[in-house]
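The structure file structure29.cif is reproduced below (mmCIF, C-alpha atoms).
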```cif
data_model
loop_
_atom_site.label_atom_id
_atom_site.label_comp_id
_atom_site.auth_asym_id
_atom_site.auth_seq_id
_atom_site.Cartn_x
_atom_site.Cartn_y
_atom_site.Cartn_z
CA MET N 27 -7.32 -10.31 58.21
CA ALA N 28 -10.73 -8.99 57.45
CA VAL N 29 -10.78 -5.60 55.76
CA ASP N 30 -13.53 -3.11 56.28
CA PRO N 31 -14.27 -1.82 52.76
CA SER N 32 -15.34 1.53 54.09
CA LYS N 33 -11.82 2.10 55.33
CA ILE N 34 -10.18 1.71 51.91
CA VAL N 35 -9.26 5.14 50.62
CA GLN N 36 -7.42 6.49 47.67
CA LEU N 37 -3.97 7.87 48.24
CA GLY N 38 -1.57 9.91 46.16
CA ASN N 39 -2.12 11.82 42.98
CA GLY N 40 -1.31 8.84 40.79
CA LYS N 41 0.44 11.06 38.27
CA ASN N 42 3.19 8.59 37.69
CA GLY N 43 0.69 5.88 37.21
CA ASN N 44 2.26 3.60 39.74
CA LEU N 45 0.01 0.79 40.70
CA VAL N 46 2.12 -0.12 43.68
CA LYS N 47 2.94 2.69 46.02
CA PRO N 48 5.79 1.83 48.37
CA TYR N 49 4.82 1.67 51.97
CA ASP N 50 6.22 4.55 53.92
CA ALA N 51 6.57 4.05 57.67
CA ASN N 52 6.29 7.78 58.25
CA ASP N 53 3.16 7.98 56.18
CA ASP N 54 0.49 9.61 58.28
CA SER N 55 -2.24 8.86 55.81
CA LEU N 56 -5.68 7.52 56.41
CA LEU N 57 -4.55 4.08 55.32
CA THR N 58 -1.97 3.99 58.04
CA LYS N 59 -4.43 5.31 60.54
CA ALA N 60 -6.80 2.54 59.53
CA GLY N 61 -4.09 0.00 60.19
CA LEU N 62 -4.23 -1.32 56.64
CA GLN N 63 -0.76 -0.35 55.46
CA ASP N 64 0.41 -3.97 55.27
CA THR N 65 -2.71 -5.25 53.60
CA VAL N 66 -3.89 -2.76 51.03
CA TRP N 67 -2.09 -1.14 48.15
CA ALA N 68 -3.69 2.13 47.35
CA THR N 69 -3.94 3.45 43.82
CA ARG N 70 -6.36 5.02 41.41
CA LEU N 71 -8.80 2.92 39.45
CA ASP N 72 -7.56 4.75 36.37
CA ALA N 73 -4.07 3.46 36.92
CA VAL N 74 -5.28 -0.09 37.38
CA MET N 75 -7.19 0.08 34.12
CA GLY N 76 -4.17 1.49 32.32
CA TRP N 77 -1.92 -1.14 33.83
CA ALA N 78 -4.23 -3.90 32.71
CA ARG N 79 -4.77 -2.51 29.25
CA LYS N 80 -1.17 -1.78 28.44
CA PHE N 81 -0.19 -5.41 28.97
CA SER N 82 -3.02 -6.95 27.02
CA LEU N 83 -2.74 -5.29 23.62
CA PHE N 84 -4.49 -7.40 21.04
CA GLN N 85 -3.19 -6.31 17.69
CA TYR N 86 -4.80 -6.21 14.31
CA PRO N 87 -1.97 -6.32 11.75
CA PHE N 88 -2.98 -4.28 8.68
CA VAL N 89 0.01 -5.45 6.66
CA THR N 90 0.16 -4.08 3.15
CA ALA N 91 3.79 -3.95 2.10
CA CYS N 92 7.39 -4.93 2.67
CA CYS N 93 7.48 -3.71 6.30
CA GLY N 94 5.43 -6.82 6.96
CA MET N 95 8.59 -8.94 6.81
CA GLU N 96 10.14 -6.84 9.54
CA PHE N 97 6.93 -7.02 11.49
CA MET N 98 6.98 -10.82 11.29
CA ALA N 99 10.51 -10.79 12.67
CA VAL N 100 9.35 -8.65 15.58
CA SER N 101 6.47 -10.98 16.29
CA ALA N 102 8.69 -14.06 16.17
CA SER N 103 10.72 -15.38 19.05
CA HIS N 104 13.96 -13.44 18.42
CA TYR N 105 12.41 -10.09 19.29
CA ASP N 106 9.06 -11.27 20.58
CA THR N 107 6.31 -8.77 21.18
CA ASP N 108 4.86 -11.27 23.64
CA ARG N 109 7.27 -9.90 26.21
CA PHE N 110 5.17 -6.73 26.16
CA GLY N 111 1.85 -8.48 26.17
CA ALA N 112 1.16 -7.71 22.53
CA ALA N 113 1.61 -11.14 21.06
CA LEU N 114 -1.67 -12.37 19.79
CA PRO N 115 -2.77 -11.03 16.41
CA ARG N 116 -6.54 -10.97 16.04
CA PHE N 117 -7.76 -11.18 12.49
CA SER N 118 -11.06 -9.62 13.33
CA PRO N 119 -11.00 -5.92 14.13
CA ARG N 120 -13.80 -6.50 16.63
CA GLN N 121 -11.41 -8.40 18.87
CA ALA N 122 -8.45 -6.07 18.51
CA ASP N 123 -7.50 -2.89 20.31
CA MET N 124 -4.21 -2.00 18.62
CA LEU N 125 -4.21 -1.42 14.85
CA MET N 126 -0.77 -1.84 13.32
CA ILE N 127 -0.59 -0.17 9.89
CA VAL N 128 2.38 -1.89 8.34
CA GLY N 129 3.11 -0.59 4.86
CA THR N 130 1.88 1.75 2.17
CA ILE N 131 -1.74 2.85 2.12
CA VAL N 132 -3.13 3.67 -1.31
CA HIS N 133 -6.17 5.77 -2.06
CA LYS N 134 -8.15 2.74 -3.19
CA GLN N 135 -7.42 1.10 0.15
CA ALA N 136 -8.15 4.08 2.39
CA PRO N 137 -11.89 3.32 2.80
CA VAL N 138 -11.00 -0.22 3.84
CA LEU N 139 -8.61 1.04 6.50
CA ARG N 140 -11.24 3.46 7.71
CA THR N 141 -13.79 0.64 7.95
CA VAL N 142 -11.39 -1.57 9.89
CA TYR N 143 -10.68 1.26 12.31
CA ASP N 144 -14.37 2.00 12.76
CA GLN N 145 -15.10 -1.66 13.46
CA MET N 146 -12.63 -1.80 16.34
CA ALA N 147 -14.18 -1.40 19.74
CA ASP N 148 -13.00 1.32 22.12
CA PRO N 149 -10.46 1.68 23.62
CA LYS N 150 -8.28 1.44 20.55
CA TRP N 151 -4.86 2.61 19.51
CA VAL N 152 -3.14 2.92 16.16
CA VAL N 153 0.54 2.44 15.35
CA ALA N 154 1.93 3.49 11.96
CA VAL N 155 4.88 1.25 11.14
CA GLY N 156 7.40 2.45 8.55
CA ALA N 157 7.96 5.54 6.47
CA CYS N 158 5.07 4.83 4.10
CA ALA N 159 2.47 4.59 6.83
CA VAL N 160 3.91 7.65 8.57
CA SER N 161 4.13 10.05 5.63
CA GLY N 162 3.80 8.17 2.37
CA GLY N 163 7.54 7.56 2.41
CA PHE N 164 9.23 7.97 -0.94
CA TYR N 165 5.94 7.68 -2.75
CA GLN N 166 4.54 10.93 -4.02
CA ASN N 167 2.22 10.06 -6.83
CA TYR N 168 -1.34 9.45 -7.97
CA THR N 169 -1.91 6.39 -5.82
CA SER N 170 -0.34 6.70 -2.36
CA VAL N 171 -1.95 8.25 0.68
CA PRO N 172 0.63 10.65 2.20
CA GLY N 173 0.48 9.13 5.65
CA ALA N 174 -2.11 6.88 7.22
CA ASP N 175 -3.05 9.69 9.62
CA LYS N 176 -4.81 11.33 6.68
CA VAL N 177 -7.35 8.56 7.08
CA ILE N 178 -7.43 7.65 10.77
CA PRO N 179 -5.83 9.08 13.93
CA VAL N 180 -2.44 7.57 14.75
CA ASP N 181 -0.96 7.28 18.24
CA VAL N 182 2.62 6.21 17.60
CA TYR N 183 4.71 6.79 14.46
CA ILE N 184 7.62 4.47 13.72
CA PRO N 185 10.08 5.84 11.15
CA GLY N 186 12.39 3.73 9.04
CA CYS N 187 12.31 1.99 5.72
CA PRO N 188 11.84 -0.57 7.07
CA PRO N 189 12.12 0.13 10.82
CA ARG N 190 14.50 -1.95 12.86
CA PRO N 191 12.75 -4.45 15.15
CA GLU N 192 14.10 -2.56 18.15
CA THR N 193 12.32 0.55 16.88
CA ILE N 194 9.02 -1.27 16.77
CA LEU N 195 9.55 -2.60 20.28
CA ASP N 196 10.43 0.93 21.42
CA ALA N 197 7.19 2.17 19.91
CA LEU N 198 5.34 -0.55 21.75
CA VAL N 199 6.84 0.59 25.05
CA LYS N 200 5.97 4.20 24.22
CA LEU N 201 2.41 3.19 23.47
CA GLN N 202 2.27 1.37 26.79
CA GLU N 203 3.38 4.54 28.53
CA LYS N 204 0.70 6.47 26.72
CA ILE N 205 -1.96 3.96 27.70
CA GLN N 206 -0.81 3.95 31.31
CA HIS N 207 -0.95 7.71 31.53
CA SER N 208 -4.16 8.32 29.66
CA ARG N 209 -7.57 8.63 31.20
CA HIS N 210 -9.60 5.45 31.42
CA ASP N 211 -13.23 6.08 32.05
CA VAL N 212 -15.00 3.35 33.93
CA ILE N 213 -18.63 3.06 33.06
CA MET O 25 9.30 -7.81 -46.12
CA SER O 26 10.96 -10.96 -47.32
CA GLU O 27 14.61 -9.96 -47.45
CA THR O 28 16.54 -11.27 -44.48
CA THR O 29 20.11 -11.11 -43.43
CA PRO O 30 22.19 -14.14 -42.40
CA GLU O 31 22.87 -12.66 -38.96
CA LEU O 32 19.20 -12.67 -38.06
CA SER O 33 17.99 -15.32 -35.70
CA ASP O 34 16.12 -18.22 -37.24
CA ALA O 35 13.01 -17.31 -35.31
CA LEU O 36 12.91 -13.73 -36.59
CA GLN O 37 13.55 -14.91 -40.16
CA THR O 38 10.65 -17.32 -39.88
CA VAL O 39 8.40 -14.61 -38.51
CA LEU O 40 9.41 -12.10 -41.19
CA GLN O 41 8.78 -14.60 -43.96
CA GLY O 42 5.48 -15.68 -42.52
CA LEU O 43 4.08 -12.24 -41.83
CA GLY O 44 5.35 -10.68 -45.05
CA ASP O 45 4.06 -7.18 -45.67
CA LYS O 46 2.39 -6.90 -42.27
CA VAL O 47 5.79 -6.17 -40.73
CA LEU O 48 6.59 -2.46 -40.98
CA ALA O 49 9.98 -2.63 -39.26
CA TRP O 50 12.03 -5.10 -37.29
CA HIS O 51 15.24 -5.52 -35.36
CA ASP O 52 16.98 -8.07 -33.19
CA GLN O 53 19.03 -5.78 -30.98
CA HIS O 54 20.48 -7.42 -27.87
CA GLY O 55 18.97 -10.70 -28.95
CA ASP O 56 15.40 -9.43 -28.61
CA ASP O 57 13.52 -10.22 -31.78
CA THR O 58 11.14 -7.35 -32.42
CA VAL O 59 8.65 -6.57 -35.16
CA LEU O 60 6.50 -3.48 -35.68
CA ILE O 61 3.04 -3.95 -37.17
CA ARG O 62 -0.09 -1.92 -37.79
CA PRO O 63 -2.57 -1.94 -34.88
CA GLU O 64 -5.38 -3.27 -37.06
CA HIS O 65 -3.25 -6.37 -37.78
CA ARG O 66 -2.65 -7.13 -34.11
CA LEU O 67 -5.13 -9.97 -33.79
CA GLU O 68 -4.31 -11.69 -37.07
CA VAL O 69 -0.58 -11.42 -36.46
CA ALA O 70 -1.08 -13.02 -33.05
CA THR O 71 -3.24 -15.71 -34.64
CA TRP O 72 -0.50 -16.52 -37.10
CA LEU O 73 2.17 -16.51 -34.39
CA LYS O 74 0.18 -18.94 -32.30
CA GLU O 75 -0.36 -21.35 -35.20
CA CYS O 76 3.00 -21.09 -36.94
CA GLU O 77 5.76 -23.63 -36.52
CA LEU O 78 7.31 -21.60 -33.70
CA HIS O 79 4.14 -21.99 -31.58
CA PHE O 80 4.04 -18.69 -29.73
CA ASP O 81 1.44 -20.08 -27.38
CA MET O 82 1.98 -17.76 -24.44
CA LEU O 83 1.37 -14.02 -24.15
CA MET O 84 3.82 -13.04 -21.46
CA ASP O 85 3.26 -9.31 -21.26
CA ASN O 86 1.19 -6.51 -22.67
CA THR O 87 1.91 -2.90 -21.96
CA ALA O 88 2.16 0.45 -23.67
CA VAL O 89 4.60 3.34 -24.05
CA ASP O 90 3.58 6.98 -24.23
CA PHE O 91 5.64 8.88 -26.81
CA ILE O 92 3.98 12.20 -26.09
CA GLU O 93 5.97 14.16 -28.65
CA GLU O 94 5.28 11.77 -31.49
CA GLU O 95 2.33 10.80 -33.57
CA PRO O 96 0.99 8.11 -33.40
CA ARG O 97 1.40 8.64 -29.68
CA PHE O 98 0.98 5.27 -27.96
CA GLU O 99 2.98 2.16 -28.66
CA ILE O 100 1.37 -1.12 -27.61
CA VAL O 101 4.00 -3.74 -26.76
CA ASP O 102 3.28 -7.47 -26.63
CA HIS O 103 5.76 -10.13 -25.59
CA PHE O 104 5.17 -13.64 -26.88
CA PHE O 105 6.86 -16.81 -25.70
CA SER O 106 6.84 -20.30 -27.09
CA THR O 107 6.73 -23.11 -24.56
CA LYS O 108 7.62 -25.58 -27.33
CA THR O 109 10.54 -23.92 -29.08
CA PHE O 110 11.44 -21.54 -26.22
CA LYS O 111 11.61 -18.54 -28.56
CA ARG O 112 10.60 -15.05 -27.61
CA LEU O 113 9.15 -12.33 -29.80
CA ARG O 114 8.22 -8.73 -29.16
CA VAL O 115 5.44 -7.23 -31.26
CA LYS O 116 4.79 -3.49 -31.25
CA CYS O 117 2.15 -1.33 -32.85
CA ARG O 118 1.44 2.40 -32.71
CA VAL O 119 -2.02 3.88 -32.09
CA PRO O 120 -2.87 7.60 -32.36
CA GLU O 121 -4.08 9.72 -29.45
CA ASN O 122 -7.48 10.57 -30.91
CA LYS O 123 -8.34 6.93 -31.64
CA PRO O 124 -6.21 4.70 -29.38
CA ASN O 125 -7.89 1.48 -30.45
CA ALA O 126 -6.45 -1.93 -31.23
CA PRO O 127 -8.05 -5.37 -31.46
CA SER O 128 -7.97 -7.36 -28.23
CA LEU O 129 -6.05 -10.61 -27.91
CA VAL O 130 -8.47 -12.12 -25.39
CA PRO O 131 -10.02 -14.48 -27.99
CA LEU O 132 -6.56 -16.04 -28.40
CA TYR O 133 -4.92 -15.68 -24.99
CA GLY O 134 -6.74 -15.73 -21.69
CA SER O 135 -3.82 -13.94 -20.07
CA ALA O 136 -4.54 -10.92 -22.23
CA ASN O 137 -7.67 -10.16 -20.24
CA TRP O 138 -6.12 -8.65 -17.12
CA MET O 139 -3.02 -7.32 -18.88
CA GLU O 140 -5.06 -5.36 -21.39
CA ARG O 141 -7.23 -4.06 -18.58
CA GLU O 142 -4.10 -2.76 -16.86
CA THR O 143 -2.86 -1.13 -20.06
CA TYR O 144 -6.25 0.51 -20.45
CA ASP O 145 -6.19 1.54 -16.80
CA MET O 146 -2.80 3.22 -17.03
CA TYR O 147 -2.68 4.54 -20.61
CA GLY O 148 -6.26 4.69 -21.84
CA VAL O 149 -5.57 2.41 -24.78
CA VAL O 150 -8.86 0.79 -25.83
CA PHE O 151 -8.85 -2.86 -26.86
CA ASP O 152 -11.76 -3.62 -29.19
CA GLY O 153 -13.42 -6.94 -28.52
CA HIS O 154 -12.28 -7.16 -24.91
CA PRO O 155 -15.07 -8.79 -22.89
CA ASP O 156 -14.63 -6.70 -19.72
CA LEU O 157 -12.60 -3.57 -20.39
CA ARG O 158 -12.67 -1.60 -17.13
CA ARG O 159 -10.10 -0.41 -14.59
CA ILE O 160 -8.29 -3.18 -12.76
CA LEU O 161 -5.83 -1.50 -10.37
CA LEU O 162 -7.39 1.90 -9.85
CA TYR O 163 -10.87 2.63 -8.60
CA PRO O 164 -13.77 3.45 -10.92
CA GLU O 165 -13.96 7.03 -9.62
CA PHE O 166 -10.48 7.77 -10.96
CA VAL O 167 -10.41 10.32 -13.77
CA GLY O 168 -7.68 10.16 -16.40
CA PHE O 169 -4.85 7.75 -17.05
CA PRO O 170 -1.94 8.14 -14.64
CA LEU O 171 0.93 6.73 -16.71
CA ARG O 172 0.31 9.11 -19.58
CA LYS O 173 3.11 11.64 -19.72
CA ASP O 174 0.69 14.56 -19.50
CA TYR O 175 -0.84 13.33 -16.21
CA ASP O 176 0.39 15.53 -13.35
CA LYS O 177 2.33 13.17 -11.14
CA LEU O 178 1.33 15.04 -7.99
CA HIS O 179 -2.37 14.97 -8.80
CA GLU O 180 -4.12 12.69 -6.33
CA GLN O 181 -7.75 11.70 -6.34
CA PRO O 182 -8.60 10.62 -2.78
CA LEU O 183 -11.87 8.85 -2.19
CA PHE O 184 -12.74 10.90 0.88
CA GLU O 185 -11.52 14.03 2.52
CA ALA O 186 -8.24 13.92 4.42
CA ARG O 187 -8.33 14.55 8.17
CA TYR O 188 -6.02 17.56 7.81
CA PRO O 189 -4.48 19.38 4.86
CA GLY O 190 -1.03 19.09 3.42
CA VAL O 191 2.09 17.40 4.69
CA ARG O 192 4.21 17.39 1.57
CA GLU O 193 6.66 20.01 0.44
CA THR O 194 4.51 20.62 -2.59
CA ASP O 195 1.41 21.31 -0.51
CA GLU O 196 0.52 24.68 0.92
CA VAL O 197 0.22 24.42 4.68
CA ILE O 198 -1.95 26.92 6.50
CA ASN O 199 -2.05 27.17 10.26
CA PRO O 200 -5.76 27.58 10.97
CA ARG O 201 -5.18 29.63 14.12
CA VAL O 202 -3.20 32.50 12.67
CA GLY O 203 -3.76 32.01 8.98
CA VAL O 204 -0.12 32.28 7.99
CA GLU O 205 1.98 29.83 6.11
CA LEU O 206 4.29 27.77 8.26
CA PRO O 207 7.18 25.54 7.35
CA ILE O 208 6.22 21.90 7.25
CA HIS O 209 8.02 20.99 10.44
CA GLY O 210 6.16 23.60 12.43
CA THR O 211 2.75 22.27 11.55
CA GLU O 212 0.67 20.83 14.32
CA VAL O 213 -1.48 17.92 13.43
CA PRO O 214 -4.97 18.22 14.93
CA ARG O 215 -6.17 15.09 16.61
#
```
Would you mind writing the structure in this file as structure tokens?
Amino acid sequence: MAVDPSKIVQLGNGKNGNLVKPYDANDDSLLTKAGLQDTVWATRLDAVMGWARKFSLFQYPFVTACCGMEFMAVSASHYDTDRFGAALPRFSPRQADMLMIVGTIVHKQAPVLRTVYDQMADPKWVVAVGACAVSGGFYQNYTSVPGADKVIPVDVYIPGCPPRPETILDALVKLQEKIQHSRHDVI
Amino acid sequence: MSETTPELSDALQTVLQGLGDKVLAWHDQHGDDTVLIRPEHRLEVATWLKECELHFDMLMDNTAVDFIEEEPRFEIVDHFFSTKTFKRLRVKCRVPENKPNAPSLVPLYGSANWMERETYDMYGVVFDGHPDLRRILLYPEFVGFPLRKDYDKLHEQPLFEARYPGVRETDEVINPRVGVELPIHGTEVPR
């Protein structure tokens, strides 16, 4: 069936970020009036962008310490971040949009982390994995940065020393929710 | 120091006889043969150890201990190992705070290079004759020597300004909006 593009309209407030709005027979909207209720799913462009972005997280693993072992377990097939679309680690920050800080950050390293973050292209998100990346953990001395958010902004904090793999997956889901519900400007 | 006791290990007896008066004190507690020497004898003692019949051909570790109450303050500790006779020997020497110098072992052992740099980095002990004595773990901007007992363990030297002040219980946290101190858990982190 040919669709007249001028008849496609936006419906709903999109607050829940649902890409697919269920068809309501009693819906008296413009879409129904246009006779397109079986053909067109109405949504916001914002929601589509969020939906696409939350399932194609390309991660840059900034692994500095023992949490890395746990992170490898999460990436491997038992727990498998690929189920959430965040499987492929990119070892160039230019190709990544999720920075995973896995482990302790020391003061000597902080400029490196800052550079890596600056090199990532927008949109980008940061996940701090483990107690050290969140707050410095049990380190309180001359060398450790008390939390990676002293250096760069962090979206999701994962506690634990080290965190359980389920915790990391939970953080991934939370980050997906955040991405889905945040504003995506289309240039 | 030529007198030895029958209970001493053969290796320590050999070392004591060979080094003679250079050994100030010695023990073999817990099976760890240990001798104390003067810092100025460090290189020649190591030379002898490497060439003697025990063949201490490997410098396993170099570090220091800060005895802040005592003088001389710093104790340089070297651990030697022989890959031919499988003996181990610990050699210590004390250097004072105002002149913490000792000859470097780099001419004899290549492994001494990085280990002495770390000892310098952490304790400020200077090794004369070291080809490249600069910080190895910390950054060049760092002031002071963090493993000295008089270094404040909470004193950090960040390379650039933090995005927001204080998260630790030792830090003073000020809420910028009302200017009053808040407990840590009530602090909002600006984004």
Using all atoms listed in the file, which residues sit within 12 Å of Val59 (chain O) once same-chain residues fewer than 3 positions away are excluded, as a PyMOL selection string?
chain O and resi 25+35-41+43-53+56+62+66+69-70+73+100-104+112-118
When distances are computed from all atoms listed in the file, which of N:Val100, N:Ile205, N:Ile131, N:Met146 shows the smallest separation from Ser118 (chain N)?
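Once distances to Ser118 (chain N) are computed over all atoms listed in the file, the minimum belongs to N:Met146.
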Considering only C-alpha atoms, return as an MDAnalysis selection string whatever protein or nucleic-acid residues lie within 6 Å of region 150-158 of chain N, sequence-local ones (same chain, fewer than 6 positions apart) excluded.
chainID N and resid 123:130 180:189
Under the PyMOL selection byres ((chain N) within 6 of (chain O)), which residues of this model are included? Write them out as a ChimeraX atom specification.
/N:133,167-168,176
Gap from CA of Phe117 (chain N) to CA of Gln85 (chain N) - Å, one decimal
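CA of Phe117 (chain N) sits 8.5 Å away from CA of Gln85 (chain N).
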Pick the closest to Arg158 (chain O) from O:Met139, O:Leu32, O:Cys76, O:Ala88: which is it, counting all atoms listed in the file?
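For Arg158 (chain O), the nearest of the candidates is O:Met139.
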Distance CA of Asp145 (chain O)-CA of Ile160 (chain O), one decimal place?
6.6 Å
Which residues match the PyMOL selection byres ((chain N and resi 136) around 10) in the file above, as a PyMOL selection string?
(chain N and resi 131-135+137-142+170-171+174+176-178) or (chain O and resi 182-184)
Quick one: residues within 9 Å of Glu121 (chain O), all atoms listed in the file counted, chain neighbours fewer than 2 positions away excluded, as an mmCIF file with C-alpha atoms, keeping the file's coordinate frame?
```cif
data_model
loop_
_atom_site.group_PDB
_atom_site.id
_atom_site.type_symbol
_atom_site.label_atom_id
_atom_site.label_comp_id
_atom_site.auth_asym_id
_atom_site.auth_seq_id
_atom_site.Cartn_x
_atom_site.Cartn_y
_atom_site.Cartn_z
ATOM 1 C CA GLU O 95 2.330 10.800 -33.570
ATOM 2 C CA PRO O 96 0.990 8.110 -33.400
ATOM 3 C CA ARG O 97 1.400 8.640 -29.680
ATOM 4 C CA PHE O 98 0.980 5.270 -27.960
ATOM 5 C CA VAL O 119 -2.020 3.880 -32.090
ATOM 6 C CA LYS O 123 -8.340 6.930 -31.640
ATOM 7 C CA PRO O 124 -6.210 4.700 -29.380
ATOM 8 C CA VAL O 149 -5.570 2.410 -24.780
#
```
Straight-line distance linking CA of Gln206 (chain N) with CA of Ala112 (chain N), stated in Å to one decimal
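Going from CA of Gln206 (chain N) over to CA of Ala112 (chain N) covers 14.7 Å.
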Taking (1.1, 0.3, 27.1) in the file's coordinates as the center, which residues reach within 8 Å of it, counting all atoms listed in the file, put as a ChimeraX atom specification?
/N:76-77,79-81,83,198-206
For this file, the PyMOL selection byres ((chain O and resi 134) around 12) selects which residues, as number ranges by chain?
O: 81-85, 128-133, 135-140, 154-155
Taking into account all atoms listed in the file, which residue in the set N:Asp72, N:Asp108, N:Glu96, N:Asp148 is nearest to Arg120 (chain N)?
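With all atoms listed in the file as the atom set, the closest residue is N:Asp148.
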Around all the atoms of region 80-88 of chain N listed in the file, draw an axis-aligned box and extend it by 3 Å on each of the six sides; I want its centre and edge lengths in Å to one decimal, as AutoDock Vina command-line options.
```
--center_x -2.5 --center_y -4.6 --center_z 18.8 --size_x 10.6 --size_y 11.6 --size_z 26.3
```
